[in-house]
Amino acid sequence: MIRVLVVDDDFMVAKVQCGFVARVPGFAVAGVAHTGAEALAEVDRLRPDLVLLDIYLPDVSGLEVLRRLREGDAVVDVLAVTAARDVNTIRTALRSGVVHYLIKPFSFDALRDRLERYAVAHHGLAGSREVAQDDVDRLFLALRPAPPVELPKGLTPPTADLVAEALRKADGDLSATECAERVGLSRVSTRRYLEHFVGAGKAGVSLRYGSAGRPERRYRWTGGA
């Protein structure tokens with residue numbers, strides 16, 4: 001599990017963010033802080049993998065928290081989650097090494113996308129001492145949000161969300177028939193959505209061979225671009 005520290009001065013906003021993080025497979029909330037001092041103390045105590053860091057904090061700026069983290073010995077990544085939109089703040093955050101900068105207000109899907117991309121990069125480096133240039137390129141590409149992909153004719157966003165959610169929540173992969181049963185659609189319609197996700201890089205497909213007949217196509221959510 002990727003352990004996350006949520007840092008926001010607003011208690012309700014922090015609670016919502018914790019709920020968002022808990023809904024993303026592979027992530028767990030390690031703790032919550034509401035000031036810069038608390039954030040630094042909790043990073044030192046909990047040693048999380050990732051900090052969701054607000055910039056506007058009551059005691060010190062989130063940028064100051066970020067600077068102190070980089071000067072310390074904590075090995076932690078930071079995703080800025082803030083209403084700060086001025087160019088200087090964004091530039092400073094980027095130069096200080098944030099993995100991404102998400103402007104409030106944002107949806108669950110927006111945060112989930114950044115977390116899933118972070119997970120790809122995080123796990124891609126796990127256990128490696130050296131990597132090739134191609135590996136580095138894939139890691140940086142994983143962190144970069146892709147432009148929205150238009151749905152093919154006949155597919156609708158609400159239904160696409162249902163199918164995607166069924167894949168995300170699946171314990172392993174699903175066939176088109178299994179996915180159709182979960183979302184209440186026909187197998188043919190469900191497979192169109194599944195194949196769209198494969199083509200868009202959001203899902204992977206593998207073949208399961210039985211005793212006879214065609215191999216069964218099995219789909220899994222990858223969280224890719």
# chains A, B, ... in the order shown; residues from 1 in each chain; ligands from 1
call {"tool": "residues_around", "arguments": {"residues": "Arg23 of chain A", "least_positions_apart": "3", "cutoff": "12 Å", "atoms": "only C-alpha atoms", "output": "list in words"}}
result
Val16, Gln17, Cys18, Gly19, Phe20, Gly26, Phe27, Ala28, Val29, Phe108, Asp109, Leu111, Arg112, Leu115, Glu116, Glu165, Arg168 and Lys169 of chain A
call {"tool": "write_last_selection", "arguments": {"atoms": "C-alpha atoms", "output": "PDB file, in the first residue's frame"}}
result
ATOM      1  CA  VAL A  16     -13.080  14.679   2.041  1.00  0.00           C
ATOM      2  CA  GLN A  17      -9.556  14.151   0.723  1.00  0.00           C
ATOM      3  CA  CYS A  18      -9.067  11.226   3.095  1.00  0.00           C
ATOM      4  CA  GLY A  19     -12.256   9.704   1.732  1.00  0.00           C
ATOM      5  CA  PHE A  20     -11.009  10.165  -1.822  1.00  0.00           C
ATOM      6  CA  GLY A  26      -3.484   0.547  -3.398  1.00  0.00           C
ATOM      7  CA  PHE A  27      -3.591   3.713  -1.278  1.00  0.00           C
ATOM      8  CA  ALA A  28      -4.174   4.189   2.451  1.00  0.00           C
ATOM      9  CA  VAL A  29      -4.380   7.304   4.632  1.00  0.00           C
ATOM     10  CA  PHE A 108     -12.526  12.562  -7.141  1.00  0.00           C
ATOM     11  CA  ASP A 109     -11.708  11.443 -10.692  1.00  0.00           C
ATOM     12  CA  LEU A 111      -7.291  13.101  -7.793  1.00  0.00           C
ATOM     13  CA  ARG A 112      -7.679   9.421  -8.587  1.00  0.00           C
ATOM     14  CA  LEU A 115      -2.751   8.967  -7.657  1.00  0.00           C
ATOM     15  CA  GLU A 116      -2.946   6.129 -10.146  1.00  0.00           C
ATOM     16  CA  GLU A 165     -15.718   1.508 -11.766  1.00  0.00           C
ATOM     17  CA  ARG A 168     -11.414  -0.788 -10.655  1.00  0.00           C
ATOM     18  CA  LYS A 169     -13.270  -2.638  -7.914  1.00  0.00           C
TER      19      LYS A 169
END
call {"tool": "select_by_dssp", "arguments": {"residues": "segment 29-223 of chain A", "states": "helix (DSSP H, G or I)", "output": "PyMOL selection string"}}
result
chain A and resi 36-46+62-71+87-95+108-125+133-143+157-169+176-183+187-199
call {"tool": "select_by_dssp", "arguments": {"residues": "chain A", "states": "strand (DSSP E)", "output": "ChimeraX atom specification"}}
result
/A:2-7,27-33,50-53,77-82,100-103,174-175,203-208,216-221
call {"tool": "closest_residue", "arguments": {"among": "A:Leu174, A:Pro215, A:Arg208, A:Arg68", "to": "Leu194 of chain A", "atoms": "only C-alpha atoms"}}
result
A:Leu174
call {"tool": "atom_distance", "arguments": {"atom1": "atom CA of Gly36 of chain A", "atom2": "atom CA of Val60 of chain A"}}
result
5.6 Å
call {"tool": "closest_residue", "arguments": {"among": "A:Val99, A:Val51, A:Leu66, A:Val78", "to": "Val7 of chain A", "atoms": "only C-alpha atoms"}}
result
A:Val51
call {"tool": "atom_distance", "arguments": {"atom1": "atom CA of Phe106 of chain A", "atom2": "atom CA of Tyr56 of chain A"}}
result
16.2 Å
call {"tool": "closest_residue", "arguments": {"among": "A:Ser175, A:Ser107, A:Thr89, A:Thr190", "to": "Val21 of chain A", "atoms": "only C-alpha atoms"}}
result
A:Ser107
call {"tool": "closest_residue", "arguments": {"among": "A:Ala83, A:Leu185, A:Leu167, A:Leu46", "to": "Tyr101 of chain A", "atoms": "only C-alpha atoms"}}
result
A:Ala83
call {"tool": "atom_distance", "arguments": {"atom1": "atom CA of Glu38 of chain A", "atom2": "atom CA of Leu63 of chain A"}}
result
14.5 Å
call {"tool": "closest_residue", "arguments": {"among": "A:Asp86, A:His122, A:Leu102, A:Pro157", "to": "Leu50 of chain A", "atoms": "only C-alpha atoms"}}
result
A:His122
call {"tool": "residues_around", "arguments": {"residues": "Ala74 of chain A", "least_positions_apart": "5", "cutoff": "9 Å", "atoms": "only C-alpha atoms", "output": "number ranges by chain"}}
result
A: 43-44, 47, 69
call {"tool": "write_last_selection", "arguments": {"atoms": "N, CA and C atoms", "output": "PDB file, in the first residue's frame"}}
result
ATOM      1  N   VAL A  43       5.304  13.735   9.125  1.00  0.00           N
ATOM      2  CA  VAL A  43       6.191  13.098   8.143  1.00  0.00           C
ATOM      3  C   VAL A  43       7.336  12.396   8.869  1.00  0.00           C
ATOM      4  N   ASP A  44       7.877  13.052   9.878  1.00  0.00           N
ATOM      5  CA  ASP A  44       8.977  12.465  10.642  1.00  0.00           C
ATOM      6  C   ASP A  44       8.511  11.236  11.427  1.00  0.00           C
ATOM      7  N   ARG A  47       6.504   8.595   8.378  1.00  0.00           N
ATOM      8  CA  ARG A  47       7.275   8.240   7.182  1.00  0.00           C
ATOM      9  C   ARG A  47       6.365   7.773   6.038  1.00  0.00           C
ATOM     10  N   LEU A  69      11.160  19.831   3.979  1.00  0.00           N
ATOM     11  CA  LEU A  69      11.172  18.396   3.685  1.00  0.00           C
ATOM     12  C   LEU A  69      12.348  18.047   2.789  1.00  0.00           C
TER      13      LEU A  69
END
call {"tool": "closest_residue", "arguments": {"among": "A:Glu71, A:Asp77, A:Asp10, A:Glu42", "to": "Ala30 of chain A", "atoms": "only C-alpha atoms"}}
result
A:Glu42
call {"tool": "residues_around", "arguments": {"residues": "Val98 of chain A", "least_positions_apart": "3", "cutoff": "6 Å", "atoms": "only C-alpha atoms", "output": "VMD selection string"}}
result
chain A and resid 78 to 79 93 to 94
call {"tool": "write_last_selection", "arguments": {"atoms": "N, CA and C atoms", "output": "PDB file, in the first residue's frame"}}
result
ATOM      1  N   VAL A  78       5.674  14.578  -2.788  1.00  0.00           N
ATOM      2  CA  VAL A  78       4.660  15.581  -2.449  1.00  0.00           C
ATOM      3  C   VAL A  78       3.811  15.892  -3.674  1.00  0.00           C
ATOM      4  N   LEU A  79       2.505  15.857  -3.474  1.00  0.00           N
ATOM      5  CA  LEU A  79       1.550  16.274  -4.495  1.00  0.00           C
ATOM      6  C   LEU A  79       0.848  17.509  -3.945  1.00  0.00           C
ATOM      7  N   ALA A  93       6.777  25.449  -6.559  1.00  0.00           N
ATOM      8  CA  ALA A  93       6.410  24.071  -6.227  1.00  0.00           C
ATOM      9  C   ALA A  93       7.049  23.083  -7.205  1.00  0.00           C
ATOM     10  N   LEU A  94       7.009  23.418  -8.478  1.00  0.00           N
ATOM     11  CA  LEU A  94       7.600  22.529  -9.482  1.00  0.00           C
ATOM     12  C   LEU A  94       9.111  22.412  -9.294  1.00  0.00           C
TER      13      LEU A  94
END
call {"tool": "residues_around", "arguments": {"residues": "Leu207 of chain A", "least_positions_apart": "4", "cutoff": "10 Å", "atoms": "only C-alpha atoms", "output": "VMD selection string"}}
result
chain A and resid 175 214 to 219
call {"tool": "write_last_selection", "arguments": {"atoms": "all heavy atoms", "output": "PDB file, in the first residue's frame"}}
result
ATOM      1  N   SER A 175     -14.125 -10.929 -17.291  1.00  0.00           N
ATOM      2  CA  SER A 175     -14.539 -11.138 -18.676  1.00  0.00           C
ATOM      3  C   SER A 175     -15.630 -10.129 -18.998  1.00  0.00           C
ATOM      4  O   SER A 175     -16.190  -9.486 -18.100  1.00  0.00           O
ATOM      5  CB  SER A 175     -15.081 -12.562 -18.861  1.00  0.00           C
ATOM      6  OG  SER A 175     -16.309 -12.719 -18.156  1.00  0.00           O
ATOM      7  N   ARG A 214     -12.774 -20.565 -28.604  1.00  0.00           N
ATOM      8  CA  ARG A 214     -11.926 -19.383 -28.572  1.00  0.00           C
ATOM      9  C   ARG A 214     -11.427 -19.083 -27.166  1.00  0.00           C
ATOM     10  O   ARG A 214     -12.116 -19.353 -26.185  1.00  0.00           O
ATOM     11  CB  ARG A 214     -12.704 -18.170 -29.074  1.00  0.00           C
ATOM     12  CG  ARG A 214     -13.057 -18.193 -30.546  1.00  0.00           C
ATOM     13  CD  ARG A 214     -13.739 -16.887 -30.888  1.00  0.00           C
ATOM     14  NE  ARG A 214     -14.127 -16.817 -32.288  1.00  0.00           N
ATOM     15  CZ  ARG A 214     -14.757 -15.771 -32.812  1.00  0.00           C
ATOM     16  NH1 ARG A 214     -15.047 -14.724 -32.040  1.00  0.00           N
ATOM     17  NH2 ARG A 214     -15.094 -15.762 -34.093  1.00  0.00           N
ATOM     18  N   PRO A 215     -10.258 -18.461 -27.051  1.00  0.00           N
ATOM     19  CA  PRO A 215      -9.799 -18.032 -25.729  1.00  0.00           C
ATOM     20  C   PRO A 215     -10.661 -16.883 -25.215  1.00  0.00           C
ATOM     21  O   PRO A 215     -11.179 -16.074 -25.990  1.00  0.00           O
ATOM     22  CB  PRO A 215      -8.362 -17.584 -25.980  1.00  0.00           C
ATOM     23  CG  PRO A 215      -8.317 -17.231 -27.428  1.00  0.00           C
ATOM     24  CD  PRO A 215      -9.261 -18.187 -28.103  1.00  0.00           C
ATOM     25  N   GLU A 216     -10.859 -16.833 -23.930  1.00  0.00           N
ATOM     26  CA  GLU A 216     -11.663 -15.785 -23.305  1.00  0.00           C
ATOM     27  C   GLU A 216     -10.803 -14.550 -23.065  1.00  0.00           C
ATOM     28  O   GLU A 216      -9.691 -14.647 -22.562  1.00  0.00           O
ATOM     29  CB  GLU A 216     -12.229 -16.287 -21.986  1.00  0.00           C
ATOM     30  CG  GLU A 216     -13.109 -15.278 -21.270  1.00  0.00           C
ATOM     31  CD  GLU A 216     -13.606 -15.800 -19.938  1.00  0.00           C
ATOM     32  OE1 GLU A 216     -12.771 -16.241 -19.120  1.00  0.00           O
ATOM     33  OE2 GLU A 216     -14.832 -15.766 -19.718  1.00  0.00           O
ATOM     34  N   ARG A 217     -11.337 -13.382 -23.422  1.00  0.00           N
ATOM     35  CA  ARG A 217     -10.637 -12.125 -23.185  1.00  0.00           C
ATOM     36  C   ARG A 217     -10.945 -11.649 -21.769  1.00  0.00           C
ATOM     37  O   ARG A 217     -12.109 -11.526 -21.387  1.00  0.00           O
ATOM     38  CB  ARG A 217     -11.051 -11.064 -24.213  1.00  0.00           C
ATOM     39  CG  ARG A 217     -10.579 -11.394 -25.612  1.00  0.00           C
ATOM     40  CD  ARG A 217     -11.122 -10.415 -26.654  1.00  0.00           C
ATOM     41  NE  ARG A 217     -10.561  -9.075 -26.545  1.00  0.00           N
ATOM     42  CZ  ARG A 217      -9.368  -8.708 -27.027  1.00  0.00           C
ATOM     43  NH1 ARG A 217      -8.606  -9.602 -27.633  1.00  0.00           N
ATOM     44  NH2 ARG A 217      -8.940  -7.468 -26.903  1.00  0.00           N
ATOM     45  N   ARG A 218      -9.877 -11.367 -20.999  1.00  0.00           N
ATOM     46  CA  ARG A 218     -10.008 -10.938 -19.612  1.00  0.00           C
ATOM     47  C   ARG A 218      -9.458  -9.515 -19.482  1.00  0.00           C
ATOM     48  O   ARG A 218      -8.364  -9.213 -19.952  1.00  0.00           O
ATOM     49  CB  ARG A 218      -9.223 -11.869 -18.673  1.00  0.00           C
ATOM     50  CG  ARG A 218      -9.517 -13.341 -18.845  1.00  0.00           C
ATOM     51  CD  ARG A 218     -10.844 -13.719 -18.230  1.00  0.00           C
ATOM     52  NE  ARG A 218     -10.924 -13.388 -16.818  1.00  0.00           N
ATOM     53  CZ  ARG A 218     -11.991 -13.680 -16.059  1.00  0.00           C
ATOM     54  NH1 ARG A 218     -13.044 -14.296 -16.605  1.00  0.00           N
ATOM     55  NH2 ARG A 218     -12.008 -13.348 -14.791  1.00  0.00           N
ATOM     56  N   TYR A 219     -10.234  -8.644 -18.840  1.00  0.00           N
ATOM     57  CA  TYR A 219      -9.881  -7.223 -18.759  1.00  0.00           C
ATOM     58  C   TYR A 219      -9.540  -6.836 -17.328  1.00  0.00           C
ATOM     59  O   TYR A 219     -10.123  -7.329 -16.374  1.00  0.00           O
ATOM     60  CB  TYR A 219     -11.053  -6.369 -19.254  1.00  0.00           C
ATOM     61  CG  TYR A 219     -11.493  -6.690 -20.652  1.00  0.00           C
ATOM     62  CD1 TYR A 219     -12.439  -7.686 -20.889  1.00  0.00           C
ATOM     63  CD2 TYR A 219     -10.961  -6.004 -21.746  1.00  0.00           C
ATOM     64  CE1 TYR A 219     -12.851  -7.988 -22.190  1.00  0.00           C
ATOM     65  CE2 TYR A 219     -11.355  -6.301 -23.039  1.00  0.00           C
ATOM     66  CZ  TYR A 219     -12.301  -7.305 -23.257  1.00  0.00           C
ATOM     67  OH  TYR A 219     -12.687  -7.609 -24.531  1.00  0.00           O
TER      68      TYR A 219
END
